[in-house]
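J.: Take this structure first; my questions come after.
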Amino acid sequence: MTSEQTLTKETISAAFMELQDRICQALEKADGTGTFREDAWQRPGGGGGRSRTLTEGTIIEKGGVGFSAVHGEATEATLRALNITNSPAEAPPTFYATGVSIVLHPRNPLVPIIHMNVRYFEMSTGHNWFGGGIDLTPHYVLADDARWFHQSLKTVCDRHSADYYPKFKPWADDYFYIPHRQETRGVGGIFFDYLKPEHAAHKADLFAFVLDIGNSFAPIYTHFMQQNYQLPFGEREKNWQLLRRGRYVEFNLVWDRGTRFGLETNGRTESILMSMPPQANWIYDFNPEPGSREEETLLLLRKGVAWV
């Protein structure tokens, strides 16, 4: 599948569909009672996808695992975002974008929120690249969990290049950052974009890395599901969870490039916004008690923490 003859946008999409299947099966098994509902959709401008949502599970309160493969004419806004110049005399370029995107919101505040995205983008201009990332957003930052998570990602990265984790970890710190709050969304992870293949063999190598990241998702998150979902919590922790979910909403709606791209290209709104939590809260000028676990968490929501 990764040879020069077979690695096309269609085979990449097919591999992403299989990845979606594997992840959904693993999450259903780990949750125990929750099952995914599939909503197949078509994009009026071209292409479509499969949005799968799980609600009211034993561990997962709401989760989405989406696959899409969309194509069509690139808008001016899209070209500007990609720094691609198109002459008015030329026909508008077309694009093809495919990938898998996941956000899971757990019931227990001691189980973290997680996000993953792996994607491929191709244009009729000849530009093509891979992107993606995986990051963890604990409601309460548990140092051992953060270290385990980052070590797991580093292990995957190191299988492909010793340069990847040192490069992609700070990239995630910068990307998953809420400027108006001056805090990171969570404990970060890795983020990469515009990984452009130099030749066919390099494209195969990049795709192997992207798939490896995708395949790491289920083992990583099911570890947290099983380890943390029975930890005790009360009303205080649930209230804090709702506030942290509010921060998640702020990032996704204000700063996330994927959300903007989906809306600008007339993507399916329900699928774009399935990352939203089932409930969230905002309290005016909230400040946690000095020395509390909530304050300790806020102090760790910053860039540059060396977890490994």
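Here's how to read the names in the structure tokens: chain A, B, ... by the order shown, residue numbers from 1 in each chain, ligand numbers from 1 in the order shown.
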When DSSP is applied to the backbone of this structure, which of segment 132-280 of chain A are assigned strand (DSSP E)? Write them out as a list in words.
T.: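 Checking each residue of segment 132-280 of chain A, the strand (DSSP E) ones are Gly132, Gly133, Ile134, Asp135, Leu136, Thr137, Tyr177, Ile178, Glu183, Thr184, Gly188, Gly189, Ile190, Phe191, Phe192, Asp193, Tyr194 and Leu195 of chain A.
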J.: Those residues with N, CA and C atoms, as a CSV table (one decimal), in the first residue's frame please?
T.:
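Written output follows (out.csv):
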chain,number,residue,atom,x,y,z
A,132,GLY,N,-1.1,16.4,11.3
A,132,GLY,CA,-1.8,15.7,12.3
A,132,GLY,C,-1.3,16.1,13.7
A,133,GLY,N,-1.7,15.3,14.6
A,133,GLY,CA,-1.3,15.5,16.0
A,133,GLY,C,-2.2,14.7,17.0
A,134,ILE,N,-1.7,14.7,18.2
A,134,ILE,CA,-2.5,14.1,19.3
A,134,ILE,C,-2.1,14.8,20.6
A,135,ASP,N,-3.1,15.2,21.3
A,135,ASP,CA,-2.8,16.0,22.5
A,135,ASP,C,-3.8,15.6,23.6
A,136,LEU,N,-3.4,15.8,24.9
A,136,LEU,CA,-4.1,15.3,26.0
A,136,LEU,C,-4.5,16.6,26.8
A,137,THR,N,-5.8,16.6,27.2
A,137,THR,CA,-6.3,17.7,28.0
A,137,THR,C,-6.9,17.2,29.3
A,177,TYR,N,-2.7,26.3,22.3
A,177,TYR,CA,-2.5,27.4,23.2
A,177,TYR,C,-3.6,28.3,23.1
A,178,ILE,N,-4.1,28.8,24.2
A,178,ILE,CA,-5.3,29.7,24.3
A,178,ILE,C,-4.7,31.1,24.6
A,183,GLU,N,-2.8,30.3,28.6
A,183,GLU,CA,-2.6,28.9,29.1
A,183,GLU,C,-2.7,28.0,27.9
A,184,THR,N,-2.0,26.8,28.1
A,184,THR,CA,-2.2,25.8,27.1
A,184,THR,C,-3.5,25.1,27.3
A,188,GLY,N,-0.4,19.1,26.2
A,188,GLY,CA,0.2,19.1,24.9
A,188,GLY,C,0.3,17.6,24.4
A,189,GLY,N,1.3,17.4,23.5
A,189,GLY,CA,1.5,16.2,22.9
A,189,GLY,C,2.4,16.4,21.7
A,190,ILE,N,2.0,16.1,20.5
A,190,ILE,CA,2.7,16.4,19.3
A,190,ILE,C,1.8,17.0,18.3
A,191,PHE,N,2.3,17.9,17.4
A,191,PHE,CA,1.5,18.5,16.3
A,191,PHE,C,2.5,18.7,15.2
A,192,PHE,N,2.0,18.4,14.0
A,192,PHE,CA,2.8,18.6,12.8
A,192,PHE,C,1.9,18.9,11.6
A,193,ASP,N,2.5,19.7,10.7
A,193,ASP,CA,1.7,20.1,9.5
A,193,ASP,C,2.6,20.4,8.4
A,194,TYR,N,2.1,20.3,7.2
A,194,TYR,CA,2.8,20.6,5.9
A,194,TYR,C,4.1,19.8,5.8
A,195,LEU,N,3.9,18.5,6.2
A,195,LEU,CA,5.0,17.5,5.9
A,195,LEU,C,5.0,17.1,4.5
J.: For Gly267 of chain A, find every residue with an atom within 9 Å (counting only C-alpha atoms), except residues of its own chain fewer than 2 positions away, and show them as an MDAnalysis selection string.
T.: chainID A and resid 43:45 48 70 261:265 269:272
J.: Give me, as CSV, each residue of segment 53-133 of chain A that comes within 12 Å of segment 241-252 of chain A, together with its shortest interatomic pair and the distance in Å at one decimal, counting only C-alpha atoms, with rows ordered by chain and rising residue number.
T.:
residue,atom,partner,partner_atom,distance
A:Val103,CA,A:Tyr248,CA,10.6
A:Leu104,CA,A:Arg245,CA,11.3
A:His105,CA,A:Arg245,CA,8.7
A:Pro106,CA,A:Gln241,CA,9.8
A:Arg107,CA,A:Gln241,CA,9.2
A:Asn108,CA,A:Gln241,CA,8.6
A:Pro109,CA,A:Gln241,CA,5.6
A:Leu110,CA,A:Gln241,CA,8.9
A:Val111,CA,A:Gln241,CA,10.1
A:Pro112,CA,A:Gln241,CA,9.7
A:Ile113,CA,A:Arg245,CA,8.8
A:Ile114,CA,A:Tyr248,CA,10.7
A:His115,CA,A:Tyr248,CA,10.7
J.: Mind writing the picked residues with C-alpha atoms as a PDB file, in the first residue's frame?
T.:
ATOM      1  CA  VAL A 103     -12.311  14.080  20.389  1.00  0.00           C
ATOM      2  CA  LEU A 104     -13.479  12.180  23.478  1.00  0.00           C
ATOM      3  CA  HIS A 105     -15.086  13.677  26.578  1.00  0.00           C
ATOM      4  CA  PRO A 106     -15.191  11.275  29.558  1.00  0.00           C
ATOM      5  CA  ARG A 107     -17.627  11.172  32.464  1.00  0.00           C
ATOM      6  CA  ASN A 108     -15.035  11.027  35.230  1.00  0.00           C
ATOM      7  CA  PRO A 109     -13.059  14.274  35.676  1.00  0.00           C
ATOM      8  CA  LEU A 110      -9.964  12.175  36.419  1.00  0.00           C
ATOM      9  CA  VAL A 111     -10.068  10.730  32.893  1.00  0.00           C
ATOM     10  CA  PRO A 112      -8.599  13.248  30.428  1.00  0.00           C
ATOM     11  CA  ILE A 113     -10.100  14.673  27.271  1.00  0.00           C
ATOM     12  CA  ILE A 114      -8.127  13.563  24.225  1.00  0.00           C
ATOM     13  CA  HIS A 115      -7.887  14.735  20.635  1.00  0.00           C
TER      14      HIS A 115
END
J.: In segment 50-283 of chain A, what's alpha helix (DSSP H) per DSSP? Answer as a PyMOL selection string?
T.: chain A and resi 76-81+143-158+164-175+200-228+235-254+257-264+269-272
J.: Which residues, written as a ChimeraX atom specification, have at least one atom at most 7 Å from Thr58 of chain A, with only C-alpha atoms counted and residues fewer than 6 positions away on the same chain left out?
T.: /A:31-34
J.: Hey, which bits of segment 142-219 of chain A sit within 9 Å of segment 20-26 of chain A, and for each residue what's the closest pair of atoms and how far apart in Å (one decimal), counting only C-alpha atoms, rows by chain and increasing number, as a tab-separated table?
T.:
residue	atom	partner	partner_atom	distance
A:Gly214	CA	A:Ile23	CA	8.7
A:Asn215	CA	A:Ile23	CA	7.8
A:Phe217	CA	A:Ile23	CA	7.5
A:Ala218	CA	A:Ile23	CA	5.7
A:Pro219	CA	A:Ala26	CA	8.3
J.: Those residues you just picked out, can you put them in a file as a PDB file, in the first residue's frame with C-alpha atoms?
T.:
ATOM      1  CA  GLY A 214      -3.094   6.988  14.288  1.00  0.00           C
ATOM      2  CA  ASN A 215      -2.659   3.409  15.439  1.00  0.00           C
ATOM      3  CA  PHE A 217      -4.362   6.386  19.696  1.00  0.00           C
ATOM      4  CA  ALA A 218      -6.474   3.456  20.889  1.00  0.00           C
ATOM      5  CA  PRO A 219      -3.798   1.842  23.114  1.00  0.00           C
TER       6      PRO A 219
END
J.: So, counting only C-alpha atoms, which residue among A:Lys169, A:Glu61, A:Tyr175, A:Asp144 is closest to Gln227 of chain A?
T.: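 For Gln227 of chain A, the nearest of the candidates is A:Asp144.
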